[in-house]
Each structure stands twice: as structure tokens, then as C-alpha cells.
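What follows is the content of start-v4.json (JSON, C-alpha atoms and all ligand atoms).
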```json
[["chain", "number", "residue", "atom", "x", "y", "z"],
["A", 1, "MET", "CA", 0.00, 0.00, 0.00],
["A", 2, "SER", "CA", 1.39, 3.44, -0.88],
["A", 3, "LEU", "CA", 1.82, 6.06, 1.82],
["A", 4, "LEU", "CA", -0.89, 8.14, 0.13],
["A", 5, "SER", "CA", -3.47, 5.39, 0.23],
["A", 6, "LEU", "CA", -2.49, 4.57, 3.79],
["A", 7, "ALA", "CA", -3.10, 8.18, 4.79],
["A", 8, "SER", "CA", -6.47, 8.42, 3.07],
["A", 9, "ALA", "CA", -7.56, 5.03, 4.35],
["A", 10, "THR", "CA", -6.81, 6.06, 7.95],
["A", 11, "PRO", "CA", -7.77, 9.73, 8.36],
["A", 12, "SER", "CA", -7.77, 9.31, 12.14],
["A", 13, "ALA", "CA", -4.04, 8.59, 11.97],
["A", 14, "VAL", "CA", -3.38, 12.32, 11.71],
["A", 15, "ALA", "CA", -5.52, 13.19, 14.74],
["A", 16, "ALA", "CA", -3.70, 13.61, 18.07],
["A", 17, "PRO", "CA", -3.49, 10.24, 19.79],
["A", 18, "ALA", "CA", -5.46, 9.80, 23.02],
["A", 19, "PRO", "CA", -3.12, 10.27, 25.99],
["A", 20, "GLU", "CA", -1.72, 7.03, 27.34],
["A", 21, "PRO", "CA", -2.69, 6.49, 30.95],
["A", 22, "LEU", "CA", 0.36, 6.69, 33.20],
["A", 23, "ILE", "CA", -0.78, 3.61, 35.10],
["A", 24, "ARG", "CA", -2.71, 0.73, 33.61],
["A", 25, "LEU", "CA", -3.74, -2.41, 35.44],
["A", 26, "GLU", "CA", -5.30, -4.92, 33.08],
["A", 27, "ASP", "CA", -7.33, -7.72, 34.62],
["A", 28, "VAL", "CA", -5.03, -8.13, 37.61],
["A", 29, "ALA", "CA", -5.84, -10.47, 40.50],
["A", 30, "LYS", "CA", -4.11, -11.50, 43.72],
["A", 31, "ARG", "CA", -4.86, -14.58, 45.80],
["A", 32, "PHE", "CA", -3.14, -15.22, 49.14],
["A", 33, "LEU", "CA", -2.58, -18.77, 50.29],
["A", 34, "LEU", "CA", -3.51, -19.21, 53.92],
["A", 35, "PRO", "CA", -2.11, -21.75, 56.37],
["A", 36, "GLY", "CA", -3.93, -25.05, 56.06],
["A", 37, "GLY", "CA", -4.31, -24.80, 52.28],
["A", 38, "ALA", "CA", -7.19, -22.30, 52.16],
["A", 39, "HIS", "CA", -6.89, -19.17, 50.05],
["A", 40, "PHE", "CA", -8.21, -15.63, 50.02],
["A", 41, "ASP", "CA", -8.90, -13.52, 46.92],
["A", 42, "ALA", "CA", -7.64, -10.11, 48.10],
["A", 43, "VAL", "CA", -7.98, -8.60, 44.59],
["A", 44, "LYS", "CA", -10.42, -10.19, 42.16],
["A", 45, "PRO", "CA", -9.89, -9.61, 38.42],
["A", 46, "THR", "CA", -9.72, -5.82, 38.15],
["A", 47, "SER", "CA", -8.72, -3.21, 35.58],
["A", 48, "LEU", "CA", -7.81, 0.38, 36.38],
["A", 49, "GLU", "CA", -6.32, 3.34, 34.55],
["A", 50, "VAL", "CA", -4.83, 6.47, 36.10],
["A", 51, "GLN", "CA", -4.03, 9.43, 33.87],
["A", 52, "ARG", "CA", -0.77, 11.35, 34.11],
["A", 53, "GLY", "CA", -1.09, 14.27, 36.56],
["A", 54, "ASP", "CA", -4.13, 12.86, 38.38],
["A", 55, "VAL", "CA", -4.65, 12.44, 42.10],
["A", 56, "PHE", "CA", -6.49, 9.15, 42.35],
["A", 57, "GLY", "CA", -8.00, 7.82, 45.58],
["A", 58, "LEU", "CA", -8.68, 4.20, 46.50],
["A", 59, "VAL", "CA", -11.22, 4.21, 49.32],
["A", 60, "GLY", "CA", -12.88, 1.34, 51.15],
["A", 61, "LYS", "CA", -13.32, -0.44, 54.42],
["A", 62, "SER", "CA", -10.47, -2.17, 56.20],
["A", 63, "GLY", "CA", -9.73, -5.49, 54.51],
["A", 64, "ALA", "CA", -11.35, -4.47, 51.20],
["A", 65, "GLY", "CA", -8.10, -5.01, 49.29],
["A", 66, "LYS", "CA", -6.93, -1.39, 48.86],
["A", 67, "SER", "CA", -3.32, -1.92, 49.94],
["A", 68, "THR", "CA", -2.98, -5.05, 47.87],
["A", 69, "LEU", "CA", -4.32, -3.25, 44.79],
["A", 70, "LEU", "CA", -1.89, -0.36, 45.40],
["A", 71, "ARG", "CA", 1.04, -2.75, 45.81],
["A", 72, "LEU", "CA", 0.19, -4.39, 42.49],
["A", 73, "ILE", "CA", 1.07, -1.07, 40.81],
["A", 74, "ASN", "CA", 4.77, -1.33, 41.71],
["A", 75, "LEU", "CA", 4.75, -5.12, 41.91],
["A", 76, "LEU", "CA", 5.44, -5.16, 45.65],
["A", 77, "GLU", "CA", 2.76, -7.80, 45.17],
["A", 78, "ARG", "CA", 3.07, -9.69, 41.91],
["A", 79, "PRO", "CA", -0.35, -10.35, 40.35],
["A", 80, "ASP", "CA", -1.36, -13.97, 39.76],
["A", 81, "GLN", "CA", -2.84, -12.88, 36.45],
["A", 82, "GLY", "CA", -3.10, -9.74, 34.34],
["A", 83, "ARG", "CA", -0.63, -7.07, 33.32],
["A", 84, "VAL", "CA", 0.69, -3.82, 34.81],
["A", 85, "TRP", "CA", 2.01, -0.79, 32.89],
["A", 86, "VAL", "CA", 3.58, 2.29, 34.43],
["A", 87, "ALA", "CA", 4.98, 5.17, 32.38],
["A", 88, "GLY", "CA", 4.87, 3.22, 29.14],
["A", 89, "ARG", "CA", 6.62, 0.07, 30.40],
["A", 90, "GLU", "CA", 4.96, -3.23, 31.12],
["A", 91, "LEU", "CA", 6.31, -4.02, 34.57],
["A", 92, "THR", "CA", 4.94, -7.56, 34.50],
["A", 93, "ALA", "CA", 7.17, -8.31, 31.50],
["A", 94, "LEU", "CA", 10.45, -6.98, 32.92],
["A", 95, "SER", "CA", 13.46, -8.89, 34.20],
["A", 96, "LYS", "CA", 14.48, -8.26, 37.84],
["A", 97, "PRO", "CA", 17.18, -5.67, 37.01],
["A", 98, "ALA", "CA", 14.89, -3.88, 34.52],
["A", 99, "LEU", "CA", 12.11, -3.84, 37.14],
["A", 100, "ARG", "CA", 14.48, -2.34, 39.72],
["A", 101, "ASP", "CA", 15.26, 0.37, 37.21],
["A", 102, "ALA", "CA", 11.59, 0.98, 36.30],
["A", 103, "ARG", "CA", 10.62, 1.22, 39.98],
["A", 104, "GLN", "CA", 12.59, 4.45, 40.24],
["A", 105, "GLN", "CA", 9.59, 5.95, 38.44],
["A", 106, "ILE", "CA", 7.42, 4.95, 41.42],
["A", 107, "GLY", "CA", 7.84, 6.34, 44.94],
["A", 108, "MET", "CA", 5.86, 4.97, 47.86],
["A", 109, "ILE", "CA", 4.95, 6.08, 51.37],
["A", 110, "PHE", "CA", 3.26, 4.12, 54.16],
["A", 111, "GLN", "CA", 1.10, 4.69, 57.23],
["A", 112, "GLN", "CA", 3.97, 3.77, 59.57],
["A", 113, "PHE", "CA", 6.56, 5.80, 57.61],
["A", 114, "ASN", "CA", 9.04, 2.85, 57.30],
["A", 115, "LEU", "CA", 12.14, 4.96, 57.92],
["A", 116, "LEU", "CA", 15.55, 3.52, 58.75],
["A", 117, "GLN", "CA", 15.65, 4.15, 62.51],
["A", 118, "ASN", "CA", 19.45, 4.09, 62.83],
["A", 119, "ALA", "CA", 20.04, 6.49, 59.96],
["A", 120, "SER", "CA", 19.84, 10.28, 60.03],
["A", 121, "VAL", "CA", 17.23, 12.15, 58.04],
["A", 122, "PHE", "CA", 19.94, 12.92, 55.45],
["A", 123, "ASP", "CA", 20.93, 9.25, 55.16],
["A", 124, "ASN", "CA", 17.30, 8.12, 54.91],
["A", 125, "VAL", "CA", 16.74, 10.37, 51.90],
["A", 126, "ALA", "CA", 20.16, 9.53, 50.41],
["A", 127, "PHE", "CA", 19.49, 5.79, 50.74],
["A", 128, "PRO", "CA", 17.74, 5.20, 47.37],
["A", 129, "LEU", "CA", 20.19, 7.51, 45.59],
["A", 130, "ARG", "CA", 23.18, 5.53, 46.91],
["A", 131, "LEU", "CA", 21.48, 2.17, 46.33],
["A", 132, "HIS", "CA", 20.76, 2.91, 42.68],
["A", 133, "LYS", "CA", 23.92, 4.99, 42.15],
["A", 134, "LEU", "CA", 21.87, 7.98, 41.03],
["A", 135, "GLN", "CA", 23.31, 11.48, 40.62],
["A", 136, "GLY", "CA", 26.28, 9.74, 39.00],
["A", 137, "GLY", "CA", 26.85, 7.94, 42.31],
["A", 138, "LYS", "CA", 28.79, 11.04, 43.43],
["A", 139, "ALA", "CA", 28.53, 12.28, 47.04],
["A", 140, "ALA", "CA", 28.19, 15.93, 46.01],
["A", 141, "GLY", "CA", 25.33, 15.20, 43.60],
["A", 142, "ILE", "CA", 23.58, 13.03, 46.16],
["A", 143, "ALA", "CA", 23.92, 15.72, 48.83],
["A", 144, "ARG", "CA", 22.48, 18.31, 46.44],
["A", 145, "ARG", "CA", 19.47, 16.13, 45.66],
["A", 146, "VAL", "CA", 18.90, 15.29, 49.36],
["A", 147, "HIS", "CA", 18.89, 18.99, 50.22],
["A", 148, "GLU", "CA", 16.46, 19.74, 47.38],
["A", 149, "CYS", "CA", 14.08, 17.03, 48.58],
["A", 150, "LEU", "CA", 14.27, 18.10, 52.23],
["A", 151, "ALA", "CA", 13.56, 21.68, 51.19],
["A", 152, "LEU", "CA", 10.50, 20.47, 49.25],
["A", 153, "VAL", "CA", 9.01, 19.05, 52.44],
["A", 154, "ASP", "CA", 10.16, 21.94, 54.68],
["A", 155, "LEU", "CA", 12.69, 19.92, 56.64],
["A", 156, "ALA", "CA", 15.94, 21.53, 55.54],
["A", 157, "ASP", "CA", 16.90, 22.11, 59.19],
["A", 158, "LYS", "CA", 16.40, 18.46, 60.25],
["A", 159, "GLN", "CA", 18.99, 16.69, 58.12],
["A", 160, "HIS", "CA", 21.10, 15.63, 61.13],
["A", 161, "SER", "CA", 18.14, 14.44, 63.24],
["A", 162, "PHE", "CA", 17.18, 10.80, 63.67],
["A", 163, "PRO", "CA", 13.62, 9.49, 63.15],
["A", 164, "ALA", "CA", 13.06, 9.03, 66.92],
["A", 165, "GLN", "CA", 13.61, 12.78, 67.38],
["A", 166, "LEU", "CA", 10.84, 13.73, 64.93],
["A", 167, "SER", "CA", 7.05, 14.09, 65.20],
["A", 168, "GLY", "CA", 4.80, 11.82, 63.15],
["A", 169, "GLY", "CA", 4.20, 14.52, 60.57],
["A", 170, "GLN", "CA", 7.92, 15.17, 60.23],
["A", 171, "LYS", "CA", 8.63, 11.46, 59.83],
["A", 172, "GLN", "CA", 6.09, 11.26, 57.02],
["A", 173, "ARG", "CA", 7.74, 14.28, 55.37],
["A", 174, "VAL", "CA", 11.10, 12.50, 55.47],
["A", 175, "ALA", "CA", 9.41, 9.49, 53.87],
["A", 176, "ILE", "CA", 8.01, 11.77, 51.15],
["A", 177, "ALA", "CA", 11.45, 13.32, 50.55],
["A", 178, "ARG", "CA", 12.94, 9.83, 50.27],
["A", 179, "ALA", "CA", 10.19, 8.72, 47.88],
["A", 180, "LEU", "CA", 10.77, 11.77, 45.67],
["A", 181, "ALA", "CA", 14.57, 11.47, 45.62],
["A", 182, "SER", "CA", 14.69, 9.50, 42.37],
["A", 183, "GLN", "CA", 12.31, 11.98, 40.69],
["A", 184, "PRO", "CA", 9.46, 9.50, 40.23],
["A", 185, "ALA", "CA", 6.48, 10.08, 37.95],
["A", 186, "VAL", "CA", 4.16, 8.44, 40.49],
["A", 187, "LEU", "CA", 3.81, 8.57, 44.25],
["A", 188, "LEU", "CA", 1.88, 5.70, 45.82],
["A", 189, "CYS", "CA", 0.53, 6.54, 49.28],
["A", 190, "ASP", "CA", -0.87, 3.86, 51.60],
["A", 191, "GLU", "CA", -2.90, 5.54, 54.37],
["A", 192, "PRO", "CA", -0.23, 8.25, 54.74],
["A", 193, "THR", "CA", -2.22, 10.32, 57.25],
["A", 194, "SER", "CA", -3.90, 7.57, 59.29],
["A", 195, "ALA", "CA", -1.32, 7.81, 62.09],
["A", 196, "LEU", "CA", -1.48, 11.63, 62.21],
["A", 197, "ASP", "CA", -3.72, 14.13, 64.02],
["A", 198, "ALA", "CA", -6.15, 16.34, 62.09],
["A", 199, "GLU", "CA", -3.95, 19.42, 61.90],
["A", 200, "THR", "CA", -0.87, 17.47, 60.79],
["A", 201, "THR", "CA", -3.03, 15.63, 58.26],
["A", 202, "GLU", "CA", -4.14, 18.91, 56.77],
["A", 203, "SER", "CA", -0.61, 20.21, 56.30],
["A", 204, "LEU", "CA", 0.60, 16.87, 54.90],
["A", 205, "LEU", "CA", -2.25, 16.85, 52.37],
["A", 206, "ALA", "CA", -1.27, 20.39, 51.35],
["A", 207, "THR", "CA", 2.29, 19.15, 50.76],
["A", 208, "LEU", "CA", 1.02, 16.25, 48.65],
["A", 209, "ARG", "CA", -1.17, 18.65, 46.66],
["A", 210, "ASP", "CA", 1.88, 20.87, 45.96],
["A", 211, "ILE", "CA", 3.87, 17.82, 44.86],
["A", 212, "ASN", "CA", 1.10, 17.05, 42.38],
["A", 213, "THR", "CA", 0.49, 20.56, 41.07],
["A", 214, "GLN", "CA", 4.03, 21.95, 41.14],
["A", 215, "LEU", "CA", 6.13, 18.89, 40.35],
["A", 216, "GLY", "CA", 3.48, 17.16, 38.22],
["A", 217, "VAL", "CA", 3.81, 13.91, 40.18],
["A", 218, "THR", "CA", 0.80, 11.63, 39.73],
["A", 219, "ILE", "CA", -0.54, 10.44, 43.08],
["A", 220, "VAL", "CA", -2.46, 7.28, 43.96],
["A", 221, "ILE", "CA", -3.61, 7.34, 47.57],
["A", 222, "VAL", "CA", -5.25, 4.63, 49.64],
["A", 223, "THR", "CA", -7.35, 5.81, 52.55],
["A", 224, "HIS", "CA", -10.39, 4.95, 54.61],
["A", 225, "GLU", "CA", -10.89, 8.68, 55.37],
["A", 226, "LEU", "CA", -13.42, 10.37, 53.10],
["A", 227, "ALA", "CA", -12.09, 13.80, 54.10],
["A", 228, "VAL", "CA", -8.71, 12.88, 52.58],
["A", 229, "ILE", "CA", -10.39, 11.99, 49.27],
["A", 230, "ASP", "CA", -12.49, 15.13, 49.42],
["A", 231, "THR", "CA", -9.47, 17.39, 50.03],
["A", 232, "LEU", "CA", -6.95, 15.87, 47.68],
["A", 233, "CYS", "CA", -8.36, 13.62, 44.98],
["A", 234, "ARG", "CA", -9.75, 14.30, 41.51],
["A", 235, "HIS", "CA", -10.87, 10.73, 40.90],
["A", 236, "VAL", "CA", -11.80, 7.96, 43.26],
["A", 237, "ALA", "CA", -12.48, 4.23, 43.10],
["A", 238, "VAL", "CA", -14.51, 2.60, 45.86],
["A", 239, "ILE", "CA", -13.06, -0.83, 46.66],
["A", 240, "GLU", "CA", -15.36, -3.48, 48.08],
["A", 241, "ASP", "CA", -14.54, -7.11, 48.57],
["A", 242, "GLY", "CA", -11.43, -7.08, 46.35],
["A", 243, "GLN", "CA", -13.05, -5.26, 43.44],
["A", 244, "ILE", "CA", -13.76, -1.76, 42.18],
["A", 245, "ALA", "CA", -17.42, -1.23, 43.06],
["A", 246, "GLU", "CA", -17.52, 2.16, 41.32],
["A", 247, "ARG", "CA", -15.28, 5.00, 40.22],
["A", 248, "PHE", "CA", -16.09, 8.65, 39.60],
["A", 249, "ALA", "CA", -14.71, 12.18, 39.43],
["A", 250, "VAL", "CA", -14.78, 13.66, 42.94],
["A", 251, "GLY", "CA", -16.39, 16.92, 41.76],
["A", 252, "ASP", "CA", -19.14, 15.15, 39.81],
["A", 253, "SER", "CA", -22.41, 15.65, 41.70],
["A", 254, "ARG", "CA", -24.70, 14.86, 38.74],
["A", 255, "THR", "CA", -24.10, 11.12, 38.63],
["A", 256, "PRO", "CA", -25.49, 9.59, 41.83],
["A", 257, "ALA", "CA", -23.02, 7.28, 43.52],
["A", 258, "VAL", "CA", -24.10, 3.68, 43.94],
["A", 259, "THR", "CA", -21.99, 2.57, 46.92],
["A", 260, "ARG", "CA", -22.53, 3.72, 50.49],
["A", 261, "LEU", "CA", -19.04, 5.29, 50.65],
["A", 262, "GLY", "CA", -19.61, 6.98, 47.30],
["A", 263, "ARG", "CA", -22.89, 8.48, 48.53],
["A", 264, "GLU", "CA", -21.27, 9.63, 51.77],
["A", 265, "LEU", "CA", -18.54, 11.34, 49.79],
["A", 266, "GLN", "CA", -21.11, 13.15, 47.61],
["A", 267, "GLN", "CA", -23.07, 14.19, 50.73],
["A", 268, "LEU", "CA", -19.87, 15.56, 52.28],
["A", 269, "ARG", "CA", -19.28, 17.61, 49.13],
["A", 270, "ALA", "CA", -22.89, 18.83, 49.03],
["A", 271, "ARG", "CA", -22.71, 19.95, 52.69],
["A", 272, "GLU", "CA", -19.47, 21.82, 52.01],
["A", 273, "ALA", "CA", -21.00, 23.52, 48.96],
["A", 274, "ALA", "CA", -24.05, 24.56, 51.04],
["A", 275, "LEU", "CA", -21.78, 25.91, 53.79],
["A", 276, "ALA", "CA", -19.75, 27.84, 51.24],
["A", 277, "ARG", "CA", -22.98, 29.41, 49.89],
["A", 278, "LEU", "CA", -24.00, 30.37, 53.45],
["A", 279, "ALA", "CA", -20.60, 31.86, 54.20],
["A", 280, "TRP", "CA", -20.45, 33.82, 50.97],
["A", 281, "PRO", "CA", -22.86, 36.70, 51.84],
["A", 282, "GLU", "CA", -20.98, 37.34, 55.10],
["A", 283, "ALA", "CA", -17.71, 37.38, 53.21],
["A", 284, "ALA", "CA", -19.21, 39.83, 50.74],
["A", 285, "LEU", "CA", -20.30, 42.17, 53.58],
["A", 286, "ALA", "CA", -17.00, 42.05, 55.45],
["B", 301, "LIG", "N1", 0.25, -11.48, 52.75],
["B", 301, "LIG", "C1", -1.03, -11.80, 53.01],
["B", 301, "LIG", "N2", -1.36, -13.07, 53.31],
["B", 301, "LIG", "C2", -2.65, -13.43, 53.54],
["B", 301, "LIG", "N3", -3.69, -12.56, 53.50],
["B", 301, "LIG", "C3", -3.41, -11.28, 53.21],
["B", 301, "LIG", "C4", -2.08, -10.83, 52.95],
["B", 301, "LIG", "N4", -2.12, -9.50, 52.69],
["B", 301, "LIG", "C5", -3.41, -9.15, 52.79],
["B", 301, "LIG", "N5", -4.18, -10.20, 53.08],
["B", 301, "LIG", "C6", -5.64, -10.20, 53.26],
["B", 301, "LIG", "O1", -6.22, -9.63, 52.10],
["B", 301, "LIG", "C7", -7.31, -8.79, 52.46],
["B", 301, "LIG", "C8", -7.09, -7.40, 51.88],
["B", 301, "LIG", "O2", -5.98, -6.81, 52.54],
["B", 301, "LIG", "P1", -5.52, -5.33, 52.24],
["B", 301, "LIG", "O3", -5.26, -5.19, 50.80],
["B", 301, "LIG", "O4", -4.40, -5.05, 53.18],
["B", 301, "LIG", "O5", -6.84, -4.53, 52.64],
["B", 301, "LIG", "P2", -7.04, -2.99, 53.00],
["B", 301, "LIG", "O6", -5.79, -2.26, 52.66],
["B", 301, "LIG", "O7", -8.22, -2.56, 52.20],
["B", 301, "LIG", "O8", -7.34, -2.95, 54.47],
["B", 301, "LIG", "C9", -7.39, -8.78, 53.98],
["B", 301, "LIG", "O9", -8.41, -9.66, 54.38],
["B", 301, "LIG", "C10", -6.04, -9.29, 54.41],
["B", 301, "LIG", "O10", -6.12, -10.00, 55.61],
["B", 302, "MG", "MG", -4.44, -1.26, 53.86]]
```
Show me, as C-alpha cells, the structure contained in the file I just sent.
Ligand SMILES: Nc1ncnc2c1ncn2[C@@H]1O[C@H](COP(=O)(O)OP(=O)(O)O)[C@@H](O)[C@H]1O
Ligand SMILES: [Mg+2]
Amino acid sequence: MSLLSLASATPSAVAAPAPEPLIRLEDVAKRFLLPGGAHFDAVKPTSLEVQRGDVFGLVGKSGAGKSTLLRLINLLERPDQGRVWVAGRELTALSKPALRDARQQIGMIFQQFNLLQNASVFDNVAFPLRLHKLQGGKAAGIARRVHECLALVDLADKQHSFPAQLSGGQKQRVAIARALASQPAVLLCDEPTSALDAETTESLLATLRDINTQLGVTIVIVTHELAVIDTLCRHVAVIEDGQIAERFAVGDSRTPAVTRLGRELQQLRAREAALARLAWPEAALA
């Protein structure tokens, strides 16, 4: 076929291609074997796409399978079936060394922070850079990157402290700095605020929002707290019994949610909108 006939036969070929999702889970499932030969289907066959730049929430009750689904994204859990793509690479098809390399695109933080207790804040953040010989493996480059990351999370003055000397919020900020050190495209967050008080939660969510809007890092966050979804997320999937029961845009009030958590989230939004309307005349008079 000549180029000309190819072009006229496929006019859509000249249109801009649809953006590739940054994360794509295709029909993934995870079964845990239990002692005694029984098994438990923590994630039943599930597909999910997350667009580049999004803040995507996974919400659900304890035991619903949220953490397992999140850990399938960076293959901390390897799916029993299905395929996983992140940033254009199929992680499920990579060799071990190639997967180690690809994982630098994916940072992760946890409820319990998971810091190295015997290492300073500086060494915690430097750890992945040294491990993967980033910044040319050079001490000066690593130090520069560590300082950049600590500045991002407002902890420039804590580089010589040890985790035990920090508050919960500060520990989570160190974990964020460490997760961002390799300049990932994605930050996976597993209940990052569940061990924190309300005020600390608020400031941590503001930091995560800045990381998304200013650095362009795509965020996937697992939580059981609707307020976290409401404050931070643009899209949400409700996880029930190892599956996605529904997914919707957080600002979308026209499509009624079908799950109880989905409806609660919409009610929370509606109450906030009503409060904002009430507050508005006072603000106008002030
Ligand atoms: N390594 C494991 N071995 C056996 N069962 C597990 C394992 N990890 C998780 N599960 C089970 O899978 C289910 C989903 O767990 P998880 O994904 O951690 O849920 P969530 O994060 O929503 O609370 C739970 O019932 C949990 O007990
Ligand atoms: Mg969990």
C-alpha cells in the first residue's frame, strides 16, 4: 500500500493520539494462600487506569483489598494474572534488574513511615540515591538532591536528626522526601495520614497537593478517610470485597453514587458547597 493510500484510508491517523494512561492495570488479580491450604482472593480480576497528573483515591473499608491493589502497581505484590504498565513500560514483562530500574519511576509512602531508625534524616533520603547509584553515584550530587528534597518538604533544618527525634508529621515528610529522591512520575501513598492528628493531616495533604500541582507527580492514595479523598483527589475508586465497586470524578455531583461510601462522599461535598454558599454573603459584607 502506498503512503498516500495509507493516509487516506486512515484519516484518524493524523488526529492527536489519546493520551496514554500513566498507570494501567489490566485484569489483575491477587490470591493469598492461607495456612492449612485455604486461600483468600484479596484482589479479584480488576482493571484500572490512572491518567498522568491525576490524584487518584482508593477508598474502602479495612480489609477491602486497597493496599494489595496499590502494591500491584509497583509489583510489591506480583499479580497472579493480568498485566501492569507504568509510564509506558509493562512491569509484569520486565526482568528483575529492569524492574528495579523501572521502579525508580514509582515512589511509595506508608502509614507507619518505614524509615531507617538508625540512619539520620539525610541518610534516609540519600538511601535510594546511593542504592541505585543515582546522581552519577557522586557524594556531592547526592547531597544536592537530598537537600532539594528536604527543602520540598520543609525539613531543611532536620537533616542531622534521627527518626526518633521527629514528630509523626515530620517522619512522614522525610518518607516523602525519600520517595521523591529519584524523581518518580508516580507517588503511591498507603494511608499516609492515618497515624497523624487532624492538623498534621491537613498540612501533609497540602504538601502532597503541591507535589502534584508543582512537580506534576501523579498520586495514587489509599485511605479509609473520606475527608482525605475530598481534600486531595480528583478521581476515586470505591473498593469493596477485592473489586472496584464504582469510580467517579470527585467533583461530579450529577451522577449519583451507587456505593454507600460513594454516597457519603457526595453528601460531604454537598454539605461543604451549602456551607460555602451560606458563608459567601458574610464574606461579601465584610
Ligand atoms: N500477605 C497476606 N497473606 C494473607 N492474606 C493477606 C495478605 N495481605 C493481605 N491479606 C488479606 O487480604 C485482604 C485485603 O488486605 P488489604 O489489601 O491489606 O486490605 P485494605 O488495605 O483494604 O485494608 C485482607 O483480608 C487481608 O487480611
Ligand atoms: Mg491497607
Exercise. Please identify the residues whose atoms come within 10 Å of ligand LIG 301 (chain B), using all atoms listed in the file, and report them as a PyMOL selection string.
Key: chain A and resi 30-35+39-43+58-72+77+190-191+222-224+239-242
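Each of A:Ala206, A:Cys189, A:Val238, A:Val228 was checked against ligand MG 302 (chain B) using only C-alpha atoms and all ligand atoms; the smallest atom-to-atom distance is that of A:Cys189.
Between ligand MG 302 (chain B) and the candidates A:Glu49, A:Gly88, A:Pro192, A:Phe127, the tightest atom-to-atom separation, counting all atoms listed in the file, involves A:Pro192.
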Inset, instruction - Identify the residues around (13.5, 20.0, 45.8) within a radius of 12 Å, measuring from only C-alpha atoms in the coordinates stated by the file, and give them as a PyMOL selection string. - result: chain A and resi 125+143-156+176-183+210-211+214-215
What's around segment 117-121 of chain A at 7 Å? Count only C-alpha atoms, leave out sequence neighbours fewer than 5 positions away in its own chain, and write the answer as an MDAnalysis selection string. chainID A and resid 158:163 174
With distances taken over all atoms listed in the file, the candidate from A:Leu91, A:Gln112, A:Asn124, A:Arg209 nearest ligand MG 302 (chain B) is A:Gln112
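The residue that comes closest to ligand MG 302 (chain B), out of A:Ser194, A:Ala93, A:Ala164, A:Val86 and on the basis of all atoms listed in the file, is A:Ser194.
Minimum atom-to-atom distances from A:Gln111, A:Ile229, A:Leu75, A:Leu205 to ligand MG 302 (chain B) were compared using all atoms listed in the file, and the lowest value belongs to A:Gln111.
With only C-alpha atoms and all ligand atoms as the atoms that count, the minimum distance from ligand MG 302 (chain B) to the choices A:Pro128, A:Leu278, A:Phe110, A:Ala29 is reached by A:Phe110.
In this model, the gap between atom CA of Gly141 of chain A and atom CA of Arg103 of chain A comes to 20.6 Å.
Atom CA of Ile244 of chain A to atom CA of Glu264 of chain A spans 16.7 Å [interatomic distance, one decimal].
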Around all listed atoms of segment 128-133 of chain A, padded 5 Å per side, what centre and edge lengths does the axis-aligned box have in Å to one decimal, as lines of an AutoDock Vina configuration file?
```
center_x = 20.8
center_y = 4.8
center_z = 44.8
size_x = 16.2
size_y = 15.3
size_z = 15.2
```
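Of note, atom CA of Val55 of chain A and atom CA of Leu208 of chain A are spaced 9.5 Å apart.
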Regenerate segment 19-31 of chain A at the level of N, CA and C atoms and dump it as a PDB file, in the coordinates of the input.
```pdb
ATOM      1  N   PRO A  19      -4.261  10.416  25.069  1.00  0.00           N
ATOM      2  CA  PRO A  19      -3.120  10.270  25.990  1.00  0.00           C
ATOM      3  C   PRO A  19      -3.101   8.885  26.605  1.00  0.00           C
ATOM      4  N   GLU A  20      -1.910   8.324  26.678  1.00  0.00           N
ATOM      5  CA  GLU A  20      -1.720   7.030  27.340  1.00  0.00           C
ATOM      6  C   GLU A  20      -1.911   7.231  28.828  1.00  0.00           C
ATOM      7  N   PRO A  21      -2.661   6.362  29.493  1.00  0.00           N
ATOM      8  CA  PRO A  21      -2.690   6.490  30.950  1.00  0.00           C
ATOM      9  C   PRO A  21      -1.291   6.227  31.515  1.00  0.00           C
ATOM     10  N   LEU A  22      -0.960   6.900  32.607  1.00  0.00           N
ATOM     11  CA  LEU A  22       0.360   6.690  33.200  1.00  0.00           C
ATOM     12  C   LEU A  22       0.435   5.316  33.871  1.00  0.00           C
ATOM     13  N   ILE A  23      -0.720   4.910  34.435  1.00  0.00           N
ATOM     14  CA  ILE A  23      -0.780   3.610  35.100  1.00  0.00           C
ATOM     15  C   ILE A  23      -1.919   2.813  34.474  1.00  0.00           C
ATOM     16  N   ARG A  24      -1.634   1.572  34.133  1.00  0.00           N
ATOM     17  CA  ARG A  24      -2.710   0.730  33.610  1.00  0.00           C
ATOM     18  C   ARG A  24      -2.608  -0.668  34.213  1.00  0.00           C
ATOM     19  N   LEU A  25      -3.641  -1.035  34.940  1.00  0.00           N
ATOM     20  CA  LEU A  25      -3.740  -2.410  35.440  1.00  0.00           C
ATOM     21  C   LEU A  25      -4.773  -3.103  34.563  1.00  0.00           C
ATOM     22  N   GLU A  26      -4.381  -4.223  33.986  1.00  0.00           N
ATOM     23  CA  GLU A  26      -5.300  -4.920  33.080  1.00  0.00           C
ATOM     24  C   GLU A  26      -5.602  -6.301  33.664  1.00  0.00           C
ATOM     25  N   ASP A  27      -6.834  -6.404  34.177  1.00  0.00           N
ATOM     26  CA  ASP A  27      -7.330  -7.720  34.620  1.00  0.00           C
ATOM     27  C   ASP A  27      -6.415  -8.380  35.644  1.00  0.00           C
ATOM     28  N   VAL A  28      -5.946  -7.576  36.604  1.00  0.00           N
ATOM     29  CA  VAL A  28      -5.030  -8.130  37.610  1.00  0.00           C
ATOM     30  C   VAL A  28      -5.811  -8.799  38.746  1.00  0.00           C
ATOM     31  N   ALA A  29      -5.223  -9.802  39.353  1.00  0.00           N
ATOM     32  CA  ALA A  29      -5.840 -10.470  40.500  1.00  0.00           C
ATOM     33  C   ALA A  29      -4.749 -10.957  41.432  1.00  0.00           C
ATOM     34  N   LYS A  30      -5.083 -11.009  42.738  1.00  0.00           N
ATOM     35  CA  LYS A  30      -4.110 -11.500  43.720  1.00  0.00           C
ATOM     36  C   LYS A  30      -4.806 -12.389  44.744  1.00  0.00           C
ATOM     37  N   ARG A  31      -4.313 -13.599  44.842  1.00  0.00           N
ATOM     38  CA  ARG A  31      -4.860 -14.580  45.800  1.00  0.00           C
ATOM     39  C   ARG A  31      -3.772 -14.896  46.812  1.00  0.00           C
TER      40      ARG A  31
END
```
